[in-house]
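Here is the file data-v4.cif (mmCIF, C-alpha atoms).
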data_data
#
loop_
_atom_site.group_PDB
_atom_site.id
_atom_site.type_symbol
_atom_site.label_atom_id
_atom_site.label_comp_id
_atom_site.auth_asym_id
_atom_site.auth_seq_id
_atom_site.Cartn_x
_atom_site.Cartn_y
_atom_site.Cartn_z
ATOM 1 C CA MET L 33 116.947 98.143 94.157
ATOM 2 C CA PRO L 34 114.436 95.341 94.728
ATOM 3 C CA GLN L 35 111.085 95.539 92.956
ATOM 4 C CA PHE L 36 109.188 95.002 96.214
ATOM 5 C CA GLU L 37 109.381 93.472 99.669
ATOM 6 C CA VAL L 38 106.692 91.791 101.744
ATOM 7 C CA ILE L 39 105.949 93.382 105.119
ATOM 8 C CA ASP L 40 104.271 91.810 108.138
ATOM 9 C CA HIS L 41 100.834 93.008 109.139
ATOM 10 C CA THR L 42 98.417 91.545 111.650
ATOM 11 C CA ALA L 43 95.913 89.281 109.838
ATOM 12 C CA ASP L 44 96.702 90.813 106.425
ATOM 13 C CA ILE L 45 99.745 91.077 104.182
ATOM 14 C CA GLY L 46 101.495 94.113 102.785
ATOM 15 C CA ILE L 47 104.259 95.147 100.443
ATOM 16 C CA ILE L 48 106.567 98.053 99.912
ATOM 17 C CA ALA L 49 107.105 98.520 96.181
ATOM 18 C CA TYR L 50 109.996 100.453 94.686
ATOM 19 C CA GLY L 51 110.600 102.263 91.413
ATOM 20 C CA LYS L 52 112.753 104.901 89.823
ATOM 21 C CA ASP L 53 109.579 106.778 88.855
ATOM 22 C CA GLU L 54 105.829 106.619 89.474
ATOM 23 C CA LYS L 55 105.159 104.271 86.554
ATOM 24 C CA GLU L 56 107.716 101.808 87.831
ATOM 25 C CA VAL L 57 106.377 101.878 91.397
ATOM 26 C CA PHE L 58 102.839 101.181 90.111
ATOM 27 C CA SER L 59 104.211 98.299 88.023
ATOM 28 C CA SER L 60 106.223 96.948 90.976
ATOM 29 C CA SER L 61 103.116 97.150 93.172
ATOM 30 C CA ALA L 62 101.162 95.030 90.702
ATOM 31 C CA TYR L 63 104.008 92.522 90.396
ATOM 32 C CA GLY L 64 104.212 92.326 94.183
ATOM 33 C CA LEU L 65 100.464 91.686 94.393
ATOM 34 C CA PHE L 66 100.613 88.793 91.950
ATOM 35 C CA SER L 67 103.736 87.397 93.621
ATOM 36 C CA ILE L 68 101.633 87.078 96.779
ATOM 37 C CA ILE L 69 98.828 85.364 94.835
ATOM 38 C CA ALA L 70 100.877 82.865 92.814
ATOM 39 C CA GLU L 71 104.307 81.539 91.895
ATOM 40 C CA LEU L 72 105.104 83.613 88.807
ATOM 41 C CA ASP L 73 108.030 81.579 87.420
ATOM 42 C CA GLU L 74 105.793 79.415 85.214
ATOM 43 C CA VAL L 75 103.478 82.249 84.087
ATOM 44 C CA ASN L 76 103.865 83.387 80.481
ATOM 45 C CA ASP L 77 102.742 86.746 79.131
ATOM 46 C CA VAL L 78 100.504 85.474 76.331
ATOM 47 C CA ILE L 79 97.353 87.466 77.192
ATOM 48 C CA CYS L 80 97.200 91.260 77.278
ATOM 49 C CA ARG L 81 94.467 93.258 78.976
ATOM 50 C CA GLU L 82 94.258 97.042 78.712
ATOM 51 C CA VAL L 83 93.407 98.523 82.089
ATOM 52 C CA GLU L 84 92.096 102.042 82.616
ATOM 53 C CA VAL L 85 91.220 103.493 86.004
ATOM 54 C CA THR L 86 90.528 106.944 87.418
ATOM 55 C CA ALA L 87 90.567 108.242 90.978
ATOM 56 C CA ASP L 88 90.593 111.409 93.071
ATOM 57 C CA ASP L 89 94.286 111.249 93.969
ATOM 58 C CA GLU L 90 97.448 109.202 93.456
ATOM 59 C CA GLU L 91 96.934 106.877 96.438
ATOM 60 C CA ALA L 92 93.346 106.123 95.410
ATOM 61 C CA LEU L 93 94.588 105.521 91.869
ATOM 62 C CA LEU L 94 97.034 102.886 93.147
ATOM 63 C CA VAL L 95 94.268 101.098 95.056
ATOM 64 C CA SER L 96 91.938 101.263 92.024
ATOM 65 C CA TRP L 97 94.675 99.896 89.738
ATOM 66 C CA LEU L 98 95.430 96.935 92.005
ATOM 67 C CA ASN L 99 91.763 96.175 92.656
ATOM 68 C CA GLU L 100 91.003 96.255 88.911
ATOM 69 C CA LEU L 101 93.784 93.694 88.358
ATOM 70 C CA LEU L 102 92.319 91.565 91.171
ATOM 71 C CA TYR L 103 88.904 91.811 89.513
ATOM 72 C CA LEU L 104 90.360 90.506 86.234
ATOM 73 C CA PHE L 105 92.034 87.664 88.111
ATOM 74 C CA ASP L 106 88.785 86.773 89.926
ATOM 75 C CA VAL L 107 86.579 86.976 86.810
ATOM 76 C CA GLU L 108 88.864 85.851 83.968
ATOM 77 C CA TYR L 109 91.357 83.781 86.017
ATOM 78 C CA ILE L 110 94.315 85.637 84.508
ATOM 79 C CA ILE L 111 97.538 85.652 86.486
ATOM 80 C CA PHE L 112 99.427 88.775 85.468
ATOM 81 C CA LYS L 113 103.187 89.030 85.605
ATOM 82 C CA ARG L 114 104.235 91.999 83.434
ATOM 83 C CA PHE L 115 102.836 95.514 83.471
ATOM 84 C CA GLU L 116 103.401 98.331 80.991
ATOM 85 C CA LEU L 117 102.097 101.698 82.129
ATOM 86 C CA ILE L 118 101.241 103.794 79.109
ATOM 87 C CA ASP L 119 99.777 106.912 80.719
ATOM 88 C CA LEU L 120 99.895 107.887 84.379
ATOM 89 C CA THR L 121 98.700 111.160 85.867
ATOM 90 C CA GLU L 122 97.563 112.017 89.382
ATOM 91 C CA HIS L 123 93.991 111.007 88.438
ATOM 92 C CA GLU L 124 94.221 108.548 85.532
ATOM 93 C CA LEU L 125 96.083 105.396 84.616
ATOM 94 C CA ARG L 126 96.175 103.439 81.387
ATOM 95 C CA ALA L 127 98.262 100.293 81.200
ATOM 96 C CA ASN L 128 98.674 96.909 79.574
ATOM 97 C CA ALA L 129 98.837 93.884 81.860
ATOM 98 C CA TYR L 130 100.302 90.644 80.514
ATOM 99 C CA GLY L 131 99.885 87.114 81.792
ATOM 100 C CA GLU L 132 97.928 83.947 81.184
ATOM 101 C CA ARG L 133 94.892 82.076 82.410
ATOM 102 C CA PHE L 134 95.359 80.051 85.571
ATOM 103 C CA ASP L 135 96.168 76.428 84.778
ATOM 104 C CA PRO L 136 96.195 74.245 87.909
ATOM 105 C CA SER L 137 98.516 71.747 86.202
ATOM 106 C CA ARG L 138 101.198 74.455 85.730
ATOM 107 C CA HIS L 139 100.512 77.243 88.222
ATOM 108 C CA THR L 140 100.699 77.269 91.990
ATOM 109 C CA LEU L 141 98.410 79.611 93.897
ATOM 110 C CA LYS L 142 99.728 80.815 97.266
ATOM 111 C CA THR L 143 97.465 83.354 98.970
ATOM 112 C CA GLN L 144 93.934 84.508 98.250
ATOM 113 C CA VAL L 145 93.927 88.307 98.166
ATOM 114 C CA LYS L 146 90.510 89.943 98.521
ATOM 115 C CA ALA L 147 91.439 93.592 97.965
ATOM 116 C CA ALA L 148 94.013 96.342 98.133
ATOM 117 C CA THR L 149 93.127 98.621 101.051
ATOM 118 C CA TYR L 150 93.639 102.220 102.134
ATOM 119 C CA HIS L 151 94.984 101.090 105.519
ATOM 120 C CA MET L 152 98.547 102.428 105.995
ATOM 121 C CA LEU L 153 98.626 103.340 102.282
ATOM 122 C CA LYS L 154 101.317 105.778 101.222
ATOM 123 C CA ILE L 155 103.380 106.777 98.218
ATOM 124 C CA GLU L 156 106.661 108.530 98.928
ATOM 125 C CA LYS L 157 109.179 110.262 96.715
ATOM 126 C CA GLY L 158 112.806 110.360 97.784
ATOM 127 C CA ASP L 159 115.657 108.646 96.029
ATOM 128 C CA GLY L 160 113.135 107.120 93.636
ATOM 129 C CA PHE L 161 109.598 106.206 94.642
ATOM 130 C CA LYS L 162 108.156 103.734 97.090
ATOM 131 C CA ALA L 163 104.602 102.703 97.853
ATOM 132 C CA GLN L 164 103.253 100.831 100.855
ATOM 133 C CA ILE L 165 100.098 98.789 100.335
ATOM 134 C CA ILE L 166 98.207 96.464 102.679
ATOM 135 C CA PHE L 167 96.089 93.697 101.134
ATOM 136 C CA ASP L 168 93.029 92.141 102.720
ATOM 137 C CA VAL L 169 93.534 88.371 102.665
#
Encoded form using structure tokens:
Amino acid sequence: MPQFEVIDHTADIGIIAYGKDEKEVFSSSAYGLFSIIAELDEVNDVICREVEVTADDEEALLVSWLNELLYLFDVEYIIFKRFELIDLTEHELRANAYGERFDPSRHTLKTQVKAATYHMLKIEKGDGFKAQIIFDV
């Protein structure tokens, strides 16, 4: 099963992320986000940031999680590539995100992502989990 796939969307970009459970689909969503932002092959996981977010429901929690990671990228210039979800409930998430500061001599940025949106957002459970997220670019 792939971690994620990019989907076409008018004027924006989206992904469908996959996972065997909810933690994995949240991790795959974050990896998909940063794969849109940068080439991740040269990114090392030398910095760890603990991320905690809360929300009213699971879909809102996914958006909050991704937007918090975007905030850290925008403010601290950290490109994340590995995600370890420690606690995940319907309303709360606690995770460690690993990556390194953007270095223009080593890293290639691809697409500027402004935010994860609620447009066409869904999390589905079937044979595993999948989440669809549209990003404002």
Could you tell me which residues the PyMOL selection byres ((chain L and resi 52-58) around 7) grabs in this file, written as an NGL selection string?
-> :L and (49-51 or 59-62 or 94 or 117 or 120 or 160-163)
Within 7 Å of range 143-149 of chain L, which residues of range 62-139 of chain L show up? Give each one with its shortest atom-to-atom distance in Å (one decimal) and the two atoms involved, counting all atoms listed in the file, rows by chain then rising residue number, as CSV.
residue,atom,partner,partner_atom,distance
L:Ile68,CA,L:Thr143,CA,6.0
L:Ile69,CA,L:Thr143,CA,4.8
L:Val95,CA,L:Ala148,CA,5.7
L:Leu98,CA,L:Ala148,CA,6.3
L:Asn99,CA,L:Ala147,CA,5.9
Would you mind reading off the distance between CA of Ile79 in chain L and CA of Gly64 in chain L, one decimal, in Å?
->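 It comes out at 19.0 Å.
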Evaluate the PyMOL selection byres ((chain L and resi 115) around 6) and report residues as a PyMOL selection string = chain L and resi 59+114+116+128-129
Kindly indicate which residue among L:Asp88, L:Glu82, L:Glu74, L:Asp168 lies nearest to Glu100 in chain L, using only C-alpha atoms for the distances.
-> L:Glu82
Computed interatomic separation between CA of Leu93 in chain L and CA of Lys142 in chain L (Å) =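 Interatomic distance, CA of Leu93 in chain L to CA of Lys142 in chain L: 25.8 Å.
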Using only C-alpha atoms, which residues sit within 12 Å of Phe134 in chain L once same-chain residues fewer than 2 positions away are excluded, as a list in words?
-> Ile69, Ala70, Glu71, Leu72, Glu74, Val75, Asn76, Asp77, Val78, Ile79, Leu104, Phe105, Asp106, Val107, Glu108, Tyr109, Ile110, Ile111, Phe112, Lys113, Gly131, Glu132, Pro136, Ser137, Arg138, His139, Thr140 and Leu141 of chain L
What is the CA of Arg126 in chain L-CA of Glu84 in chain L distance in Å, reported with one decimal?
->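 So the answer is 4.5 Å.
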Which residues fall under the PyMOL selection byres ((chain L and resi 153) around 8) in this file, as a PyMOL selection string?
-> chain L and resi 91+149-152+154-155+163-166
Min atom-atom distance to Ala92 in chain L from the set L:Ala43, L:Leu125, L:Ile118, L:Asp73, counting only C-alpha atoms, belongs to L:Leu125
Would you please work out which residue, of L:Thr121, L:Ile48, L:Val38, L:Tyr130, is nearest to Val83 in chain L when using all atoms listed in the file?
->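 Among the listed residues, the smallest separation from Val83 in chain L belongs to L:Tyr130.
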Output range 119-142 of chain L as an mmCIF file, keeping the file's coordinate frame, making sure N, CA, C and O atoms are there.
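Just written: part_16.cif:
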data_model
loop_
_atom_site.group_PDB
_atom_site.id
_atom_site.type_symbol
_atom_site.label_atom_id
_atom_site.label_comp_id
_atom_site.auth_asym_id
_atom_site.auth_seq_id
_atom_site.Cartn_x
_atom_site.Cartn_y
_atom_site.Cartn_z
ATOM 1 N N ASP L 119 100.030 105.548 80.241
ATOM 2 C CA ASP L 119 99.777 106.912 80.719
ATOM 3 C C ASP L 119 99.517 106.858 82.214
ATOM 4 O O ASP L 119 98.771 106.006 82.690
ATOM 5 N N LEU L 120 100.115 107.803 82.940
ATOM 6 C CA LEU L 120 99.895 107.887 84.379
ATOM 7 C C LEU L 120 99.931 109.348 84.785
ATOM 8 O O LEU L 120 100.930 110.033 84.586
ATOM 9 N N THR L 121 98.785 109.820 85.300
ATOM 10 C CA THR L 121 98.700 111.160 85.867
ATOM 11 C C THR L 121 98.235 110.999 87.309
ATOM 12 O O THR L 121 98.026 109.872 87.770
ATOM 13 N N GLU L 122 98.029 112.088 87.994
ATOM 14 C CA GLU L 122 97.563 112.017 89.382
ATOM 15 C C GLU L 122 96.175 111.377 89.485
ATOM 16 O O GLU L 122 95.826 110.791 90.504
ATOM 17 N N HIS L 123 95.379 111.464 88.392
ATOM 18 C CA HIS L 123 93.991 111.007 88.438
ATOM 19 C C HIS L 123 93.649 109.880 87.473
ATOM 20 O O HIS L 123 92.558 109.335 87.544
ATOM 21 N N GLU L 124 94.547 109.542 86.551
ATOM 22 C CA GLU L 124 94.221 108.548 85.532
ATOM 23 C C GLU L 124 95.399 107.626 85.263
ATOM 24 O O GLU L 124 96.551 108.055 85.303
ATOM 25 N N LEU L 125 95.069 106.383 84.962
ATOM 26 C CA LEU L 125 96.083 105.396 84.616
ATOM 27 C C LEU L 125 95.572 104.578 83.444
ATOM 28 O O LEU L 125 94.399 104.192 83.408
ATOM 29 N N ARG L 126 96.458 104.349 82.497
ATOM 30 C CA ARG L 126 96.175 103.439 81.387
ATOM 31 C C ARG L 126 97.392 102.547 81.237
ATOM 32 O O ARG L 126 98.519 103.040 81.151
ATOM 33 N N ALA L 127 97.144 101.238 81.232
ATOM 34 C CA ALA L 127 98.262 100.293 81.200
ATOM 35 C C ALA L 127 97.855 99.021 80.479
ATOM 36 O O ALA L 127 96.670 98.735 80.296
ATOM 37 N N ASN L 128 98.870 98.262 80.079
ATOM 38 C CA ASN L 128 98.674 96.909 79.574
ATOM 39 C C ASN L 128 99.220 95.948 80.616
ATOM 40 O O ASN L 128 100.325 96.137 81.129
ATOM 41 N N ALA L 129 98.422 94.924 80.923
ATOM 42 C CA ALA L 129 98.837 93.884 81.860
ATOM 43 C C ALA L 129 98.927 92.579 81.077
ATOM 44 O O ALA L 129 98.020 92.239 80.316
ATOM 45 N N TYR L 130 100.033 91.864 81.268
ATOM 46 C CA TYR L 130 100.302 90.644 80.514
ATOM 47 C C TYR L 130 100.387 89.447 81.452
ATOM 48 O O TYR L 130 100.973 89.544 82.531
ATOM 49 N N GLY L 131 99.828 88.333 81.010
ATOM 50 C CA GLY L 131 99.885 87.114 81.792
ATOM 51 C C GLY L 131 99.219 85.990 81.048
ATOM 52 O O GLY L 131 99.190 85.972 79.820
ATOM 53 N N GLU L 132 98.656 85.051 81.804
ATOM 54 C CA GLU L 132 97.928 83.947 81.184
ATOM 55 C C GLU L 132 96.887 83.412 82.149
ATOM 56 O O GLU L 132 96.936 83.676 83.352
ATOM 57 N N ARG L 133 95.943 82.656 81.585
ATOM 58 C CA ARG L 133 94.892 82.076 82.410
ATOM 59 C C ARG L 133 95.482 81.036 83.358
ATOM 60 O O ARG L 133 96.401 80.304 83.007
ATOM 61 N N PHE L 134 94.929 81.013 84.563
ATOM 62 C CA PHE L 134 95.359 80.051 85.571
ATOM 63 C C PHE L 134 95.149 78.634 85.060
ATOM 64 O O PHE L 134 94.073 78.271 84.587
ATOM 65 N N ASP L 135 96.197 77.833 85.153
ATOM 66 C CA ASP L 135 96.168 76.428 84.778
ATOM 67 C C ASP L 135 96.675 75.640 85.985
ATOM 68 O O ASP L 135 97.867 75.686 86.291
ATOM 69 N N PRO L 136 95.782 74.931 86.690
ATOM 70 C CA PRO L 136 96.195 74.245 87.909
ATOM 71 C C PRO L 136 97.289 73.198 87.687
ATOM 72 O O PRO L 136 97.995 72.839 88.625
ATOM 73 N N SER L 137 97.463 72.724 86.464
ATOM 74 C CA SER L 137 98.516 71.747 86.202
ATOM 75 C C SER L 137 99.895 72.408 86.090
ATOM 76 O O SER L 137 100.915 71.737 86.204
ATOM 77 N N ARG L 138 99.927 73.739 85.894
ATOM 78 C CA ARG L 138 101.198 74.455 85.730
ATOM 79 C C ARG L 138 101.441 75.542 86.760
ATOM 80 O O ARG L 138 102.571 75.913 87.003
ATOM 81 N N HIS L 139 100.381 76.092 87.329
ATOM 82 C CA HIS L 139 100.512 77.243 88.222
ATOM 83 C C HIS L 139 100.196 76.869 89.662
ATOM 84 O O HIS L 139 99.292 76.085 89.917
ATOM 85 N N THR L 140 100.919 77.480 90.571
ATOM 86 C CA THR L 140 100.699 77.269 91.990
ATOM 87 C C THR L 140 100.175 78.548 92.615
ATOM 88 O O THR L 140 100.850 79.585 92.566
ATOM 89 N N LEU L 141 98.966 78.476 93.162
ATOM 90 C CA LEU L 141 98.410 79.611 93.897
ATOM 91 C C LEU L 141 98.930 79.561 95.327
ATOM 92 O O LEU L 141 99.088 78.487 95.901
ATOM 93 N N LYS L 142 99.169 80.747 95.916
ATOM 94 C CA LYS L 142 99.728 80.815 97.266
ATOM 95 C C LYS L 142 98.746 81.418 98.264
ATOM 96 O O LYS L 142 98.441 80.813 99.279
#
